[in-house]
Amino acid sequence: MSESPRVKICGMRELEHALVAAECGADFIGFVFAPARRRIEPALARDIADQVPNCPGRVGLFVNESPGVVNRISDEVGLDYVQLCGDETPDYLGQIDRPAIKSIAVSDANSLSAAQVYRDRGATVLFDAFAPGQHGGTGISFDWSIFERDRPTFPFILAGGLDPQNVFEAIRVARPWCVDVSTGVEIDGRKDSGRISEFVRAARSVIV
């Protein structure tokens, strides 16, 4: 049955924006626990999520972190998913207590093929733009038409340079199961409630 994709708003740091995301109908909110400007302490992430009525799914983003730390923070925050954005191997997934989302940096069609091994291990795959030395959150997009030429056979999350203005076209072309945004709903490096609302509304307007 055709339906609109799920929506994930990542890089949450303030209660106001988590509340807006939930009110607009976002399916997931993301917290960054890796070294980055959006990093948040686990206690604050838990406090924010606990104050959101009918809180969307809680996703924690990690980069090359030890499994023990990932599992500890997952328990502390009450995460529903962990998003792995570094060089984590397929075997690493077996050491994580929560369902995993594995981020794959897309540079060409081979990147899509490389995702299958993580899918085979039970992970949800997220496709993001390739940026040398960076692990997501760059606001950089990639050529979505790659999915028209070599479409994955499994549901996936699309990220990388999405915003309220281009998410409709991105969904139409790539046909993802979920779209993920962070930079695209910010103004001057801070989440913006109006842009969060616009993004969710635009994403929900597409049926795939």
# chains A, B, ... in the order shown; residues from 1 in each chain; ligands from 1
>>> select_by_dssp(residues="chain A", states="strand (DSSP E)", output="ChimeraX atom specification")
/A:6-9,28-32,57-62,81-84,100-106,124-129,156-158,178-181,186-187,190-191
>>> select_by_dssp(residues="stretch 1-205 of chain A", states="helix (DSSP H, G or I)", output="VMD selection string")
chain A and resid 15 to 24 42 to 50 67 to 77 90 to 95 109 to 114 116 to 120 146 to 149 167 to 174 183 to 185 193 to 204
>>> atom_distance(atom1="atom CA of A:Ala43", atom2="atom CA of A:Val77")
6.9 Å
>>> residues_around(residues="A:Ser2", least_positions_apart="6", cutoff="12 Å", atoms="only C-alpha atoms", output="compact mmCIF listing (two decimals) with all heavy atoms, in the first residue's frame")
# COMPACT_ATOMS: atom_id res chain seq x y z
N ARG A 175 12.31 7.52 -3.37
CA ARG A 175 11.28 6.65 -2.79
C ARG A 175 11.78 5.95 -1.52
O ARG A 175 11.72 4.73 -1.41
CB ARG A 175 10.78 5.65 -3.83
CG ARG A 175 10.17 6.31 -5.05
CD ARG A 175 9.78 5.30 -6.11
NE ARG A 175 8.77 4.37 -5.62
CZ ARG A 175 8.35 3.30 -6.30
NH1 ARG A 175 8.88 3.03 -7.48
NH2 ARG A 175 7.43 2.52 -5.78
N PRO A 176 12.25 6.72 -0.54
CA PRO A 176 12.75 6.11 0.70
C PRO A 176 11.61 5.71 1.63
O PRO A 176 10.49 6.21 1.52
CB PRO A 176 13.58 7.24 1.31
CG PRO A 176 12.84 8.48 0.88
CD PRO A 176 12.37 8.19 -0.52
N TRP A 177 11.95 4.86 2.58
CA TRP A 177 11.00 4.50 3.65
C TRP A 177 10.90 5.63 4.67
O TRP A 177 9.87 5.85 5.29
CB TRP A 177 11.49 3.21 4.32
CG TRP A 177 10.78 2.88 5.59
CD1 TRP A 177 9.52 2.38 5.73
CD2 TRP A 177 11.29 3.04 6.93
NE1 TRP A 177 9.21 2.21 7.07
CE2 TRP A 177 10.29 2.61 7.82
CE3 TRP A 177 12.50 3.50 7.46
CZ2 TRP A 177 10.44 2.61 9.21
CZ3 TRP A 177 12.67 3.51 8.84
CH2 TRP A 177 11.65 3.07 9.69
N VAL A 206 3.89 13.72 0.11
CA VAL A 206 4.31 12.81 -0.97
C VAL A 206 3.87 11.40 -0.63
O VAL A 206 4.06 10.92 0.48
CB VAL A 206 5.85 12.82 -1.15
CG1 VAL A 206 6.21 12.17 -2.49
CG2 VAL A 206 6.41 14.22 -1.08
N ILE A 207 3.29 10.72 -1.61
CA ILE A 207 2.90 9.32 -1.46
C ILE A 207 3.81 8.48 -2.35
O ILE A 207 3.95 8.75 -3.53
CB ILE A 207 1.43 9.11 -1.85
CG1 ILE A 207 0.52 10.00 -1.01
CG2 ILE A 207 1.06 7.64 -1.70
CD1 ILE A 207 0.56 9.72 0.48
N VAL A 208 4.47 7.47 -1.75
CA VAL A 208 5.38 6.62 -2.53
C VAL A 208 4.96 5.16 -2.40
O VAL A 208 4.19 4.80 -1.55
CB VAL A 208 6.83 6.79 -2.05
CG1 VAL A 208 7.33 8.18 -2.32
CG2 VAL A 208 6.98 6.46 -0.57
>>> residues_around(residues="A:Leu79", least_positions_apart="6", cutoff="9 Å", atoms="only C-alpha atoms", output="compact mmCIF listing (two decimals) with C-alpha atoms, in the first residue's frame")
# COMPACT_ATOMS: atom_id res chain seq x y z
CA ARG A 46 16.61 11.77 28.46
CA GLY A 57 11.09 7.04 18.54
CA ARG A 58 14.38 7.96 20.21
CA VAL A 59 17.48 7.51 18.06
CA GLY A 60 21.02 7.96 19.36
CA ILE A 73 23.89 5.45 26.90
CA ARG A 98 19.23 -1.96 20.40
>>> residues_around(residues="stretch 143-156 of chain A", least_positions_apart="6", cutoff="8 Å", atoms="only C-alpha atoms", output="PyMOL selection string")
chain A and resi 108-109+112-113+124-127+170+173-174+176-178
>>> write_last_selection(atoms="N, CA, C and O atoms", output="tab-separated table (two decimals), in the first residue's frame")
chain	number	residue	atom	x	y	z
A	108	ASP	N	28.92	6.60	-5.14
A	108	ASP	CA	28.53	6.06	-6.44
A	108	ASP	C	27.64	4.84	-6.20
A	108	ASP	O	27.30	4.51	-5.06
A	109	ALA	N	27.27	4.15	-7.28
A	109	ALA	CA	26.37	3.00	-7.17
A	109	ALA	C	26.95	1.89	-6.32
A	109	ALA	O	26.20	1.12	-5.69
A	112	LEU	N	25.69	1.75	-2.75
A	112	LEU	CA	24.40	1.11	-2.51
A	112	LEU	C	24.57	-0.39	-2.32
A	112	LEU	O	23.97	-0.99	-1.42
A	113	SER	N	25.41	-0.99	-3.13
A	113	SER	CA	25.65	-2.42	-3.04
A	113	SER	C	26.32	-2.79	-1.72
A	113	SER	O	26.04	-3.84	-1.12
A	124	THR	N	18.77	-1.37	9.77
A	124	THR	CA	18.14	-0.46	8.83
A	124	THR	C	19.25	0.38	8.22
A	124	THR	O	20.15	0.85	8.93
A	125	VAL	N	19.21	0.59	6.91
A	125	VAL	CA	20.28	1.32	6.22
A	125	VAL	C	19.86	2.76	5.97
A	125	VAL	O	18.73	3.04	5.53
A	126	LEU	N	20.78	3.67	6.26
A	126	LEU	CA	20.59	5.09	5.98
A	126	LEU	C	21.65	5.52	4.97
A	126	LEU	O	22.84	5.29	5.17
A	127	PHE	N	21.20	6.12	3.88
A	127	PHE	CA	22.12	6.62	2.85
A	127	PHE	C	22.31	8.13	3.03
A	127	PHE	O	21.35	8.89	3.02
A	170	ALA	N	13.09	14.86	-3.54
A	170	ALA	CA	13.95	13.77	-3.09
A	170	ALA	C	13.14	12.49	-2.87
A	170	ALA	O	13.55	11.39	-3.27
A	173	VAL	N	11.89	10.96	-6.23
A	173	VAL	CA	12.92	10.29	-7.01
A	173	VAL	C	13.45	9.04	-6.31
A	173	VAL	O	13.54	7.96	-6.90
A	174	ALA	N	13.80	9.19	-5.03
A	174	ALA	CA	14.47	8.09	-4.31
A	174	ALA	C	13.52	7.08	-3.71
A	174	ALA	O	13.87	5.93	-3.51
A	176	PRO	N	12.25	6.72	-0.54
A	176	PRO	CA	12.75	6.11	0.70
A	176	PRO	C	11.61	5.71	1.63
A	176	PRO	O	10.49	6.21	1.52
A	177	TRP	N	11.95	4.86	2.58
A	177	TRP	CA	11.00	4.50	3.65
A	177	TRP	C	10.90	5.63	4.67
A	177	TRP	O	9.87	5.85	5.29
A	178	CYS	N	12.01	6.38	4.83
A	178	CYS	CA	12.08	7.45	5.82
A	178	CYS	C	13.04	8.52	5.33
A	178	CYS	O	13.99	8.21	4.61
>>> closest_residue(among="A:Glu88, A:Glu41, A:Asp27, A:Asp75", to="A:Arg13", atoms="only C-alpha atoms")
A:Glu41
>>> closest_residue(among="A:Ala202, A:Ala45, A:Ile140, A:Lys191", to="A:Val167", atoms="only C-alpha atoms")
A:Ala202
>>> atom_distance(atom1="atom CA of A:Val7", atom2="atom CA of A:Leu44")
22.5 Å
>>> residues_around(residues="A:Gly94", least_positions_apart="3", cutoff="12 Å", atoms="only C-alpha atoms", output="ChimeraX atom specification")
/A:67,71,88-91,97-100,118,120-123
>>> atom_distance(atom1="atom CA of A:Phe62", atom2="atom CA of A:Ala49")
17.8 Å
>>> residues_around(residues="A:Gly184", least_positions_apart="2", cutoff="9 Å", atoms="only C-alpha atoms", output="list in words")
Gly139, Gly160, Gly161, Leu162, Asp163, Pro164, Val181, Ser182, Glu186, Ile187, Lys191, Arg195, Ile196 and Phe199 of chain A
>>> write_last_selection(atoms="N, CA, C and O atoms", output="short mmCIF file (atom, residue, chain, number, x, y, z; two decimals), in the first residue's frame")
data_model
loop_
_atom_site.label_atom_id
_atom_site.label_comp_id
_atom_site.auth_asym_id
_atom_site.auth_seq_id
_atom_site.Cartn_x
_atom_site.Cartn_y
_atom_site.Cartn_z
N GLY A 139 24.88 18.81 5.68
CA GLY A 139 23.99 19.60 4.84
C GLY A 139 24.26 19.43 3.36
O GLY A 139 23.73 20.16 2.53
N GLY A 160 21.01 13.68 3.95
CA GLY A 160 22.01 14.41 3.17
C GLY A 160 21.43 15.60 2.43
O GLY A 160 20.89 15.45 1.34
N GLY A 161 21.52 16.77 3.02
CA GLY A 161 21.13 18.00 2.33
C GLY A 161 19.64 18.18 2.12
O GLY A 161 19.24 19.02 1.30
N LEU A 162 18.82 17.46 2.83
CA LEU A 162 17.37 17.62 2.68
C LEU A 162 16.91 18.87 3.43
O LEU A 162 17.46 19.24 4.47
N ASP A 163 15.87 19.51 2.89
CA ASP A 163 15.28 20.68 3.53
C ASP A 163 13.83 20.79 3.10
O ASP A 163 13.36 19.98 2.27
N PRO A 164 13.07 21.74 3.64
CA PRO A 164 11.65 21.82 3.28
C PRO A 164 11.40 22.06 1.80
O PRO A 164 10.34 21.70 1.28
N VAL A 181 16.56 14.60 8.55
CA VAL A 181 17.03 15.96 8.36
C VAL A 181 17.63 16.50 9.65
O VAL A 181 17.20 16.15 10.74
N SER A 182 18.63 17.36 9.50
CA SER A 182 19.19 18.08 10.65
C SER A 182 19.50 19.52 10.23
O SER A 182 18.78 20.45 10.56
N GLU A 186 17.50 24.07 10.26
CA GLU A 186 18.18 25.00 11.15
C GLU A 186 18.32 26.37 10.51
O GLU A 186 18.35 26.50 9.28
N ILE A 187 18.44 27.38 11.35
CA ILE A 187 18.78 28.74 10.94
C ILE A 187 19.94 29.18 11.82
O ILE A 187 19.83 29.14 13.06
N LYS A 191 18.14 24.71 15.53
CA LYS A 191 16.88 24.22 15.01
C LYS A 191 15.85 25.34 15.00
O LYS A 191 15.82 26.20 15.88
N ARG A 195 10.75 25.72 10.40
CA ARG A 195 11.32 24.85 9.37
C ARG A 195 11.06 23.37 9.67
O ARG A 195 10.89 22.57 8.74
N ILE A 196 11.06 23.01 10.94
CA ILE A 196 10.70 21.63 11.28
C ILE A 196 9.29 21.33 10.81
O ILE A 196 9.02 20.30 10.18
N PHE A 199 9.13 21.09 7.02
CA PHE A 199 9.74 19.87 6.51
C PHE A 199 8.80 18.68 6.66
O PHE A 199 8.59 17.91 5.72
#
